[in-house]
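As stored in upload.cif (mmCIF, C-alpha atoms):
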```
data_coords
#
loop_
_atom_site.label_atom_id
_atom_site.label_comp_id
_atom_site.auth_asym_id
_atom_site.auth_seq_id
_atom_site.Cartn_x
_atom_site.Cartn_y
_atom_site.Cartn_z
CA MET G 1 65.31 68.83 28.29
CA SER G 2 63.15 70.82 30.63
CA ASP G 3 62.32 69.61 34.11
CA ALA G 4 58.61 70.17 33.50
CA VAL G 5 56.45 67.13 34.08
CA GLU G 6 55.95 65.36 30.81
CA VAL G 7 52.98 63.09 30.27
CA LYS G 8 53.18 60.08 28.00
CA THR G 9 50.26 58.16 26.60
CA LEU G 10 50.61 54.46 25.94
CA ILE G 11 48.55 51.29 25.62
CA ILE G 12 48.84 48.37 28.04
CA ASP G 13 46.80 45.26 27.21
CA GLY G 14 44.56 47.31 24.93
CA GLU G 15 43.88 49.91 27.59
CA GLU G 16 44.94 53.51 27.02
CA VAL G 17 46.86 54.80 30.03
CA SER G 18 48.90 57.89 30.84
CA ALA G 19 52.23 58.01 32.61
CA LEU G 20 54.95 60.41 33.66
CA ARG G 21 58.22 60.48 31.77
CA GLY G 22 60.70 58.13 33.44
CA GLN G 23 58.11 55.81 34.92
CA THR G 24 58.61 52.07 34.38
CA ILE G 25 56.07 49.91 32.59
CA LEU G 26 55.54 47.99 35.84
CA GLU G 27 54.72 51.15 37.83
CA VAL G 28 52.25 52.35 35.24
CA ALA G 29 50.62 48.92 34.85
CA ARG G 30 50.12 48.50 38.59
CA GLU G 31 48.80 52.07 38.97
CA ASN G 32 46.14 51.06 36.47
CA GLY G 33 45.29 47.77 38.12
CA ILE G 34 47.08 45.60 35.56
CA ASP G 35 49.11 42.91 37.30
CA ILE G 36 52.49 41.78 36.01
CA PRO G 37 54.10 38.93 37.99
CA THR G 38 57.39 39.87 39.69
CA LEU G 39 59.91 38.17 41.95
CA CYS G 40 63.06 40.27 42.35
CA HIS G 41 61.13 43.56 42.33
CA LEU G 42 60.05 44.93 45.68
CA ASP G 43 58.34 48.25 46.32
CA GLY G 44 60.87 50.43 48.14
CA LEU G 45 64.01 48.94 46.58
CA SER G 46 65.79 49.80 43.34
CA ASP G 47 65.12 47.49 40.39
CA VAL G 48 67.71 45.23 38.79
CA GLY G 49 65.71 43.13 36.30
CA ALA G 50 67.31 39.95 37.64
CA CYS G 51 64.51 37.41 37.59
CA ARG G 52 62.85 38.22 34.22
CA MET G 53 59.39 37.26 35.50
CA CYS G 54 58.04 40.67 34.46
CA LEU G 55 58.99 40.34 30.79
CA VAL G 56 56.46 42.03 28.49
CA GLU G 57 55.99 42.34 24.74
CA ILE G 58 56.38 45.71 23.02
CA LYS G 59 54.71 46.16 19.64
CA GLY G 60 57.26 46.58 16.90
CA SER G 61 60.06 44.81 18.76
CA ASN G 62 61.07 41.15 18.87
CA LYS G 63 62.79 41.63 22.17
CA LEU G 64 60.96 41.06 25.43
CA LEU G 65 61.57 43.80 28.00
CA PRO G 66 61.59 43.53 31.80
CA ALA G 67 58.73 45.81 32.88
CA CYS G 68 60.44 46.70 36.19
CA VAL G 69 63.31 48.56 34.49
CA ALA G 70 61.94 49.45 31.02
CA THR G 71 60.62 53.01 30.94
CA VAL G 72 57.59 54.15 29.01
CA PHE G 73 57.60 56.12 25.75
CA GLU G 74 54.91 57.92 23.83
CA GLY G 75 52.69 55.61 21.80
CA MET G 76 54.16 52.44 23.29
CA GLU G 77 51.96 49.35 22.98
CA VAL G 78 52.57 46.80 25.74
CA THR G 79 51.23 43.27 26.09
CA THR G 80 51.59 41.76 29.56
CA LYS G 81 49.75 38.47 28.99
CA SER G 82 50.27 36.10 26.07
CA GLU G 83 51.01 32.46 25.46
CA ARG G 84 54.62 33.32 24.65
CA LEU G 85 55.08 35.26 27.92
CA GLN G 86 53.35 32.54 29.93
CA LYS G 87 55.72 29.98 28.44
CA HIS G 88 58.77 32.06 29.35
CA ARG G 89 57.53 32.79 32.88
CA ARG G 90 56.89 29.12 33.53
CA THR G 91 60.28 28.13 32.18
CA ILE G 92 61.99 30.74 34.36
CA LEU G 93 60.22 29.36 37.43
CA GLU G 94 61.11 25.80 36.45
CA MET G 95 64.77 26.79 36.10
CA LEU G 96 64.68 28.40 39.55
CA PHE G 97 63.15 25.25 41.07
CA ALA G 98 65.64 22.96 39.31
CA GLU G 99 68.73 25.07 40.03
CA ARG G 100 68.95 24.55 43.80
CA ASN G 101 67.22 22.37 46.41
CA HIS G 102 63.74 23.77 46.93
CA ILE G 103 62.00 21.18 49.06
CA CYS G 104 58.78 23.07 49.81
CA SER G 105 57.36 20.50 52.22
CA VAL G 106 60.19 20.91 54.74
CA CYS G 107 60.99 24.59 54.12
CA VAL G 108 60.54 27.21 56.85
CA SER G 109 58.71 29.36 54.31
CA ASN G 110 56.25 26.69 53.16
CA GLY G 111 52.96 28.53 52.63
CA ASN G 112 54.64 31.96 52.79
CA CYS G 113 56.99 31.73 49.82
CA GLU G 114 56.77 33.91 46.74
CA LEU G 115 58.48 31.31 44.53
CA GLN G 116 56.01 28.66 45.65
CA SER G 117 52.91 30.83 45.20
CA LEU G 118 54.11 32.21 41.88
CA GLY G 119 54.63 28.63 40.68
CA GLN G 120 51.05 27.85 41.60
CA GLU G 121 49.73 31.06 40.01
CA GLN G 122 51.54 30.28 36.77
CA GLY G 123 50.08 26.78 36.71
CA LEU G 124 53.22 24.75 37.47
CA THR G 125 52.47 21.16 38.48
CA HIS G 126 55.94 19.72 37.88
CA ILE G 127 59.43 20.68 36.72
CA ARG G 128 60.32 19.45 33.25
CA LEU G 129 64.04 20.13 33.68
CA PRO G 130 66.33 17.72 35.53
CA TYR G 131 67.07 18.82 39.09
CA ARG G 132 70.69 19.84 39.63
CA ASN G 133 70.75 19.04 43.36
CA PRO G 134 73.93 20.99 44.14
CA GLU G 135 75.60 20.66 47.53
CA LEU G 136 75.19 24.08 49.18
CA PRO G 137 76.04 25.43 52.62
CA VAL G 138 73.74 26.65 55.40
CA ASP G 139 75.25 29.40 57.58
CA ALA G 140 73.65 29.48 61.02
CA SER G 141 76.49 31.37 62.71
CA HIS G 142 74.37 34.49 63.27
CA GLU G 143 72.71 34.69 66.69
CA ARG G 144 69.31 35.54 65.21
CA TYR G 145 69.17 34.57 61.55
CA THR G 146 70.14 31.76 59.18
CA VAL G 147 71.02 31.77 55.47
CA ASP G 148 70.14 28.56 53.62
CA HIS G 149 71.68 28.77 50.15
CA ASN G 150 69.59 25.78 49.04
CA ARG G 151 66.55 28.07 48.90
CA CYS G 152 68.21 31.20 47.46
CA ILE G 153 67.08 32.35 44.01
CA LEU G 154 69.64 35.19 43.76
CA CYS G 155 67.00 37.90 43.48
CA THR G 156 69.42 40.18 45.43
CA ARG G 157 66.65 41.79 47.46
CA CYS G 158 68.77 41.22 50.61
CA VAL G 159 71.76 42.92 48.96
CA ARG G 160 69.66 45.93 47.97
CA ALA G 161 67.82 46.22 51.30
CA CYS G 162 71.10 46.10 53.21
CA ALA G 163 72.87 48.63 50.99
CA GLU G 164 70.02 50.99 50.12
CA ILE G 165 67.81 50.98 53.20
CA GLU G 166 70.01 49.95 56.11
CA GLY G 167 73.10 51.54 54.53
CA ALA G 168 75.36 48.73 55.76
CA HIS G 169 76.04 46.82 52.51
CA VAL G 170 76.97 43.65 54.35
CA TRP G 171 75.35 41.43 51.70
CA ASP G 172 76.74 41.06 48.20
CA VAL G 173 77.02 38.44 45.45
CA MET G 174 80.13 36.32 44.91
CA GLY G 175 81.02 34.18 41.88
CA ARG G 176 79.59 34.12 38.40
CA GLY G 177 76.65 32.48 36.68
CA ILE G 178 75.39 29.31 38.24
CA ASN G 179 78.16 29.44 40.88
CA SER G 180 76.97 32.76 42.30
CA ILE G 181 76.02 32.92 45.97
CA VAL G 182 75.09 35.75 48.31
CA ILE G 183 77.80 36.48 50.88
CA THR G 184 78.21 38.62 53.99
CA ASP G 185 81.20 40.99 54.01
CA LEU G 186 84.11 39.42 52.11
CA HIS G 187 82.61 35.92 52.40
CA GLU G 188 82.88 35.82 56.16
CA GLU G 189 80.42 33.96 58.35
CA TRP G 190 77.27 35.99 58.89
CA GLY G 191 77.72 35.75 62.67
CA SER G 192 81.14 37.41 62.62
CA SER G 193 80.34 39.91 59.85
CA THR G 194 79.62 43.63 60.24
CA CYS G 195 75.86 42.86 60.18
CA THR G 196 73.81 45.38 62.18
CA LYS G 197 71.21 42.71 63.06
CA CYS G 198 68.37 44.87 61.73
CA GLY G 199 66.70 41.91 60.00
CA LYS G 200 65.53 43.83 56.91
CA CYS G 201 67.13 41.26 54.59
CA VAL G 202 65.14 38.49 56.26
CA GLN G 203 61.86 40.35 55.81
CA VAL G 204 62.47 41.08 52.11
CA CYS G 205 63.68 37.56 51.19
CA PRO G 206 60.95 36.00 49.02
CA THR G 207 61.82 32.39 49.93
CA GLY G 208 63.14 30.46 52.92
CA ALA G 209 66.76 31.41 52.12
CA LEU G 210 66.94 33.95 54.94
CA TYR G 211 64.95 33.23 58.07
CA ASP G 212 64.56 34.23 61.67
CA LYS G 213 65.73 31.43 63.98
CA SER G 214 63.04 32.22 66.52
CA LYS G 215 60.27 31.76 63.97
CA ILE G 216 60.90 28.40 62.36
CA GLY G 217 57.75 26.66 61.26
CA VAL G 218 54.89 27.01 58.87
CA ASP G 219 53.63 30.21 60.44
CA HIS G 220 56.48 32.40 59.29
CA PRO G 221 55.25 35.12 56.95
CA LYS G 222 57.69 37.78 55.79
CA ASN G 223 56.66 41.43 56.11
CA PRO G 224 58.39 43.52 53.45
CA ASP G 225 55.62 46.15 53.43
CA PHE G 226 57.55 48.45 55.77
CA LEU G 227 59.91 49.52 52.96
CA PRO G 228 57.80 52.06 51.02
CA TYR G 229 56.61 53.50 54.35
CA LEU G 230 60.15 53.84 55.64
CA ASN G 231 61.25 55.56 52.43
CA LEU G 232 58.29 57.94 52.62
CA MET G 233 59.10 58.91 56.21
CA ARG G 234 62.76 59.47 55.35
CA GLU G 235 61.87 61.68 52.39
CA ALA G 236 59.53 63.72 54.60
CA GLN G 237 62.31 64.51 57.05
CA MET H 1 28.94 0.23 32.94
CA SER H 2 31.87 -1.79 34.22
CA LYS H 3 33.95 -0.21 36.91
CA LEU H 4 37.33 1.35 36.19
CA LYS H 5 40.36 -0.51 37.52
CA LEU H 6 42.30 1.67 39.99
CA ALA H 7 45.77 0.83 41.31
CA THR H 8 47.74 2.71 43.96
CA VAL H 9 51.48 2.22 44.34
CA TRP H 10 53.95 3.09 47.09
CA LEU H 11 57.53 3.77 45.95
CA ASP H 12 60.00 5.94 47.95
CA GLY H 13 57.57 7.98 50.02
CA CYS H 14 56.29 8.03 53.58
CA SER H 15 52.79 6.61 52.81
CA GLY H 16 51.33 9.99 53.78
CA CYS H 17 49.68 10.29 50.37
CA HIS H 18 47.94 6.97 50.92
CA MET H 19 46.86 8.18 54.38
CA SER H 20 45.45 11.34 52.83
CA PHE H 21 43.72 9.23 50.17
CA LEU H 22 42.05 7.25 52.98
CA ASP H 23 41.11 10.56 54.63
CA MET H 24 38.44 10.89 51.94
CA ASP H 25 36.48 8.87 54.52
CA GLU H 26 32.84 8.30 53.54
CA ARG H 27 33.56 9.68 50.09
CA LEU H 28 35.54 6.49 49.46
CA LEU H 29 32.18 4.71 49.29
CA GLU H 30 31.07 6.98 46.42
CA LEU H 31 34.38 6.31 44.71
CA ALA H 32 33.96 2.56 45.24
CA GLU H 33 30.77 2.76 43.14
CA LEU H 34 32.91 3.90 40.21
CA VAL H 35 36.19 2.02 40.60
CA ASP H 36 37.62 -1.30 41.74
CA VAL H 37 40.89 -1.08 43.63
CA VAL H 38 42.79 -3.87 41.90
CA TYR H 39 46.24 -3.27 43.39
CA SER H 40 47.41 -1.24 46.38
CA PRO H 41 49.41 -1.45 49.63
CA ILE H 42 45.98 -1.63 51.28
CA VAL H 43 44.73 -4.67 49.34
CA ASP H 44 46.13 -8.19 49.11
CA THR H 45 47.15 -8.45 45.44
CA LYS H 46 50.90 -9.00 45.18
CA GLU H 47 51.48 -8.61 41.44
CA PHE H 48 50.65 -5.48 39.44
CA PRO H 49 47.73 -6.48 37.14
CA ASP H 50 48.05 -6.56 33.34
CA GLU H 51 45.40 -3.94 32.68
CA VAL H 52 44.84 -0.95 34.92
CA ASP H 53 42.84 2.15 33.99
CA ILE H 54 44.24 4.61 36.54
CA ALA H 55 47.46 4.12 38.51
CA LEU H 56 48.18 6.51 41.39
CA VAL H 57 51.87 6.44 42.23
CA GLU H 58 53.19 7.75 45.51
CA GLY H 59 56.92 8.20 46.06
CA ALA H 60 60.05 8.99 44.09
CA VAL H 61 62.23 6.52 42.20
CA ALA H 62 65.11 5.79 44.56
CA SER H 63 66.20 2.18 43.97
CA VAL H 64 66.66 -0.27 41.11
CA ASP H 65 63.47 -1.93 42.30
CA ASP H 66 61.48 1.34 42.08
CA GLU H 67 62.78 1.83 38.56
CA LYS H 68 61.68 -1.67 37.51
CA LYS H 69 58.27 -1.15 39.12
CA ILE H 70 57.54 2.24 37.57
CA LYS H 71 58.31 0.88 34.09
CA LYS H 72 55.98 -2.08 34.64
CA ILE H 73 53.25 0.21 36.00
CA ARG H 74 53.51 2.46 32.97
CA ALA H 75 53.35 -0.47 30.57
CA HIS H 76 50.14 -1.77 32.14
CA SER H 77 48.29 1.48 32.96
CA LYS H 78 46.16 3.66 30.71
CA MET H 79 46.56 6.71 32.94
CA LEU H 80 49.47 7.33 35.29
CA VAL H 81 49.05 9.87 38.07
CA ALA H 82 52.08 11.19 40.00
CA MET H 83 50.58 11.43 43.48
CA GLY H 84 52.26 13.86 45.85
CA ASP H 85 55.52 15.79 45.91
CA CYS H 86 57.87 12.75 46.08
CA ALA H 87 56.48 11.33 42.84
CA VAL H 88 56.16 14.80 41.29
CA ALA H 89 59.42 16.43 42.43
CA GLY H 90 61.58 14.01 44.44
CA ASN H 91 60.80 15.92 47.66
CA VAL H 92 62.30 14.63 50.95
CA PRO H 93 63.79 11.39 49.50
CA SER H 94 65.77 13.54 47.03
CA MET H 95 67.42 15.45 49.87
CA ARG H 96 70.16 12.79 49.80
CA ASN H 97 71.06 13.67 46.20
CA PRO H 98 73.74 16.28 46.99
CA ILE H 99 75.64 13.84 49.24
CA GLY H 100 74.99 10.49 47.57
CA PRO H 101 73.76 7.05 48.76
CA GLU H 102 77.10 5.85 50.17
CA ALA H 103 77.27 8.71 52.68
CA ILE H 104 73.65 8.13 53.72
CA LEU H 105 74.12 4.38 54.25
CA GLN H 106 77.35 5.00 56.14
CA ARG H 107 75.63 7.45 58.50
CA ALA H 108 72.52 5.30 59.05
CA TYR H 109 74.01 1.83 59.37
CA ILE H 110 77.58 2.43 60.61
CA GLU H 111 78.05 5.80 62.35
CA ASN H 112 74.66 5.85 64.08
CA ALA H 113 74.39 2.12 64.78
CA SER H 114 75.30 0.99 68.27
CA ALA H 115 75.31 -2.71 67.36
CA GLN H 116 75.60 -4.90 64.24
CA GLN H 117 77.23 -2.21 62.14
CA GLN H 118 76.72 -3.33 58.56
CA ILE H 119 75.26 -1.95 55.36
CA PRO H 120 72.40 -4.19 54.17
CA CYS H 121 73.25 -5.80 50.84
CA VAL H 122 70.94 -8.81 50.48
CA VAL H 123 67.16 -8.79 49.79
CA VAL H 124 66.95 -4.97 49.90
CA PRO H 125 67.34 -3.36 46.44
CA LYS H 126 70.36 -1.28 45.53
CA LEU H 127 69.87 2.47 45.85
CA LEU H 128 70.18 4.60 42.73
CA LYS H 129 72.85 7.30 42.75
CA VAL H 130 70.19 10.02 42.70
CA VAL H 131 66.51 10.03 43.61
CA ARG H 132 64.33 11.24 40.74
CA PRO H 133 60.68 12.13 40.19
CA ILE H 134 58.80 9.51 38.18
CA HIS H 135 58.37 11.64 35.05
CA GLU H 136 62.14 11.40 34.51
CA PHE H 137 61.63 7.65 33.90
CA VAL H 138 58.21 7.30 32.29
CA LYS H 139 55.48 9.46 30.79
CA VAL H 140 53.17 10.84 33.46
CA ASP H 141 49.63 11.88 32.50
CA VAL H 142 48.56 13.83 35.58
CA PHE H 143 50.63 15.58 38.25
CA LEU H 144 49.09 16.02 41.68
CA PRO H 145 51.56 17.96 43.86
CA GLY H 146 51.22 18.33 47.62
CA CYS H 147 52.83 16.84 50.71
CA PRO H 148 50.41 15.22 50.88
CA PRO H 149 47.64 16.40 48.56
CA SER H 150 44.62 16.93 50.82
CA ALA H 151 41.66 14.55 50.93
CA ASP H 152 39.59 17.26 49.21
CA THR H 153 42.19 17.51 46.45
CA PHE H 154 42.06 13.73 46.01
CA HIS H 155 38.30 13.75 45.92
CA THR H 156 37.98 16.56 43.38
CA ALA H 157 40.81 15.32 41.14
CA LEU H 158 39.82 11.64 41.22
CA THR H 159 36.16 12.35 40.60
CA ALA H 160 37.16 14.37 37.53
CA LEU H 161 39.59 11.73 36.29
CA VAL H 162 37.14 8.88 36.78
CA THR H 163 34.21 10.67 35.16
CA GLY H 164 36.36 12.31 32.48
CA GLY H 165 35.44 15.81 33.63
CA PRO H 166 37.79 18.83 33.55
CA VAL H 167 40.08 19.54 36.49
CA ASP H 168 42.26 22.57 37.26
CA ILE H 169 45.00 21.06 39.41
CA PRO H 170 47.01 24.25 40.19
CA ALA H 171 43.78 25.68 41.64
CA LEU H 172 43.59 22.72 44.04
CA THR H 173 47.12 22.16 45.25
CA ARG H 174 50.80 23.17 45.01
CA PHE H 175 54.28 21.95 45.96
CA GLY H 176 54.44 21.51 49.74
CA ALA H 177 50.67 21.93 50.18
#
```

Any chance you could put this one into structure tokens?
Amino acid sequence: MSDAVEVKTLIIDGEEVSALRGQTILEVARENGIDIPTLCHLDGLSDVGACRMCLVEIKGSNKLLPACVATVFEGMEVTTKSERLQKHRRTILEMLFAERNHICSVCVSNGNCELQSLGQEQGLTHIRLPYRNPELPVDASHERYTVDHNRCILCTRCVRACAEIEGAHVWDVMGRGINSIVITDLHEEWGSSTCTKCGKCVQVCPTGALYDKSKIGVDHPKNPDFLPYLNLMREAQ
Amino acid sequence: MSKLKLATVWLDGCSGCHMSFLDMDERLLELAELVDVVYSPIVDTKEFPDEVDIALVEGAVASVDDEKKIKKIRAHSKMLVAMGDCAVAGNVPSMRNPIGPEAILQRAYIENASAQQQIPCVVVPKLLKVVRPIHEFVKVDVFLPGCPPSADTFHTALTALVTGGPVDIPALTRFGA
């Protein structure tokens, strides 16, 4: 196939839009002002399709596709909002809330949490699933940051930011399924790991799982917006 | 028109929701035109009445006593409102769930007690193994999250519930609000 730019035409929510070959549905939707809710996606990081919040319907297929990793094709017809999608998105959020111990009222990220605000946006008023209440560790061995596994939703943004942007790859995921947790190095304490103390993982974490010890309290917004800018500057060099 | 019968109940919570309810201030007078408070920690009635129109329940279900109460409340209330994060989601009381009631009692009454080390076992009700939100025990009609829901949230939601008007709760409040 030639390297020439190839333009695709597709329909998102009834609106005819054009896209470049290789673009994801999410990119194209957002370029055209159509919002698709996301949680594990972050501008500036690679996409893994972990959280499934961005599932969309494709005409002619029974399968729902994650918009962050599904690429466009000619004539594609995408639906981003439907009762079925709303039901799935809510259930996903409910499973995230029930899986670990998300006590919003006493969380360092209360008021600045993407899980919390997404829950509100999607109209959650309670969790229909029984809470699991697992016993999970908090690692405060690092001089500047803490990881509270009770609040982690395994989006792996920290893993990707550390590997792709900082180039250190200190964070990774250990275990399988419901027993997975994020770890530093080979499951060493964060404080004695090879962490470069750059703090990018803390800024990209959507919840209160990773936080800056000096900024505990309700006024603790995360600032992940530096990522696309950083990538742009690096590409320019 | 006869007034609606309103009850407010305090299970395993900090009473903050009741405080926030009282923070409606002068708007309580408007509300008092529409409802009679027939049972509440802030009125004298000791027994939950037989017929209640709206029951606001603060707190999670944490003891055998809470469990008995919530079932009685449900049986005698037309509309049951889970008021605040403890009732809605377990919240702070449920933070003991991963370690269990024995460990909590041990820490509070033995390890941290300088005198009279003993775990209370008479009069006080037995703690349940895990603290649960009320909808895991009975049907809940309206969920009002927040820690606590603000006075404005109470005012908007209660006015709608009392007058039968529509209310968009996620637009008013959220977990931890």

Residues of chain G within 9 Å of chain H: nearest atom pair and distance (Å, one decimal) for each, counting all atoms listed in the file, sorted by chain and number, as a tab-separated table?
```
residue	atom	partner	partner_atom	distance
G:Asn101	CA	H:Met95	CA	7.7
G:His102	CA	H:Asn91	CA	8.4
G:Ile103	CA	H:Asn91	CA	5.6
G:Cys104	CA	H:Gly176	CA	4.6
G:Ser105	CA	H:Gly176	CA	4.0
G:Val106	CA	H:Val92	CA	7.6
G:Cys107	CA	H:Gly176	CA	8.5
G:Asn110	CA	H:Gly176	CA	6.5
G:Gly111	CA	H:Ala177	CA	7.4
G:Gln116	CA	H:Phe175	CA	6.9
G:Ser117	CA	H:Arg174	CA	7.9
G:Gly119	CA	H:Arg174	CA	8.0
G:Gln120	CA	H:Pro170	CA	5.6
G:Glu121	CA	H:Pro170	CA	7.3
G:Gln122	CA	H:Pro170	CA	8.3
G:Gly123	CA	H:Pro170	CA	5.3
G:Leu124	CA	H:Pro170	CA	6.8
G:Thr125	CA	H:Phe143	CA	5.9
G:His126	CA	H:Val88	CA	6.0
G:Ile127	CA	H:Ala89	CA	7.1
G:Arg128	CA	H:His135	CA	8.2
G:Leu129	CA	H:Glu136	CA	9.0
G:Pro130	CA	H:Glu136	CA	7.7
G:Tyr131	CA	H:Arg132	CA	8.2
G:Arg132	CA	H:Pro98	CA	8.7
G:Asn133	CA	H:Pro98	CA	5.5
G:Pro134	CA	H:Pro98	CA	5.5
G:Glu135	CA	H:Pro98	CA	4.8
G:Leu136	CA	H:Pro98	CA	8.2
```

Selection under test: the PyMOL selection byres ((chain H and resi 120) around 12); residues as a PyMOL selection string: chain H and resi 102+105-106+108-110+116-119+121-127

The PyMOL selection byres ((chain G and resi 38) around 6) applied to the shown file, residues as a ChimeraX atom specification: /G:37,39,41,53-54

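The spacing separating CA of Gly199 (chain G) from CA of Gly49 (chain G) amounts to 23.8 Å.
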
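From CA of Cys155 (chain G) back to CA of Val48 (chain G), the distance works out to 8.7 Å.
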
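As for CA of Met174 (chain G) and CA of Ile153 (chain G), they are spaced 13.7 Å apart.
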
Within 9 Å of region 62-76 of chain G using only C-alpha atoms, minus same-chain residues under 2 positions, as a PyMOL selection string: chain G and resi 7-12+19-29+36+38+41+47-60+78+80+85

Nearby residues (only C-alpha atoms) at most 12 Å from Phe21 (chain H), same-chain spacing under 2 positions excluded, as a PyMOL selection string: chain H and resi 8-9+15-19+23-28+31+40+42+56-58+83-84+147-158

Output check: residues returned by the PyMOL selection byres ((chain H and resi 139) around 10), as a PyMOL selection string: chain H and resi 71+74+79-82+134-138+140-142

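Summary of the local environment: counting all atoms listed in the file, residues at most 6 Å from Val37 (chain H), other than itself and those fewer than 2 positions away along its chain, are Leu6, Ala7 and Tyr39 of chain H.
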
Would you place a box with edges along x, y and z of the file around all atoms of region 94-100 of chain H listed there, add 4 Å to each of its six sides, and report the centre and edge lengths in Å to one decimal, as AutoDock Vina command-line options?
```
--center_x 70.7 --center_y 13.4 --center_z 48.0 --size_x 17.9 --size_y 13.8 --size_z 11.7
```

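The nearest approach to Met95 (chain G) among the residues G:Val108, G:Ile178, G:Cys205, G:Val147, with all atoms listed in the file taken into account, belongs to G:Ile178.
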
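Residues in contact range of Val35 (chain H), defined as at most 6 Å between all atoms listed in the file, with sequence neighbours fewer than 6 positions away removed, read Lys3, Leu4 and Lys5 of chain H.
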
Long-range neighbours of Glu51 (chain H) as a PyMOL selection string, 8 Å cut-off, all atoms listed in the file, 3 positions minimum in chain: chain H and resi 5+76-78

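Checking G:Glu166, G:Ser214, G:Lys200, G:Pro137 one by one against Val182 (chain G), counting all atoms listed in the file, you find the shortest gap at G:Pro137.
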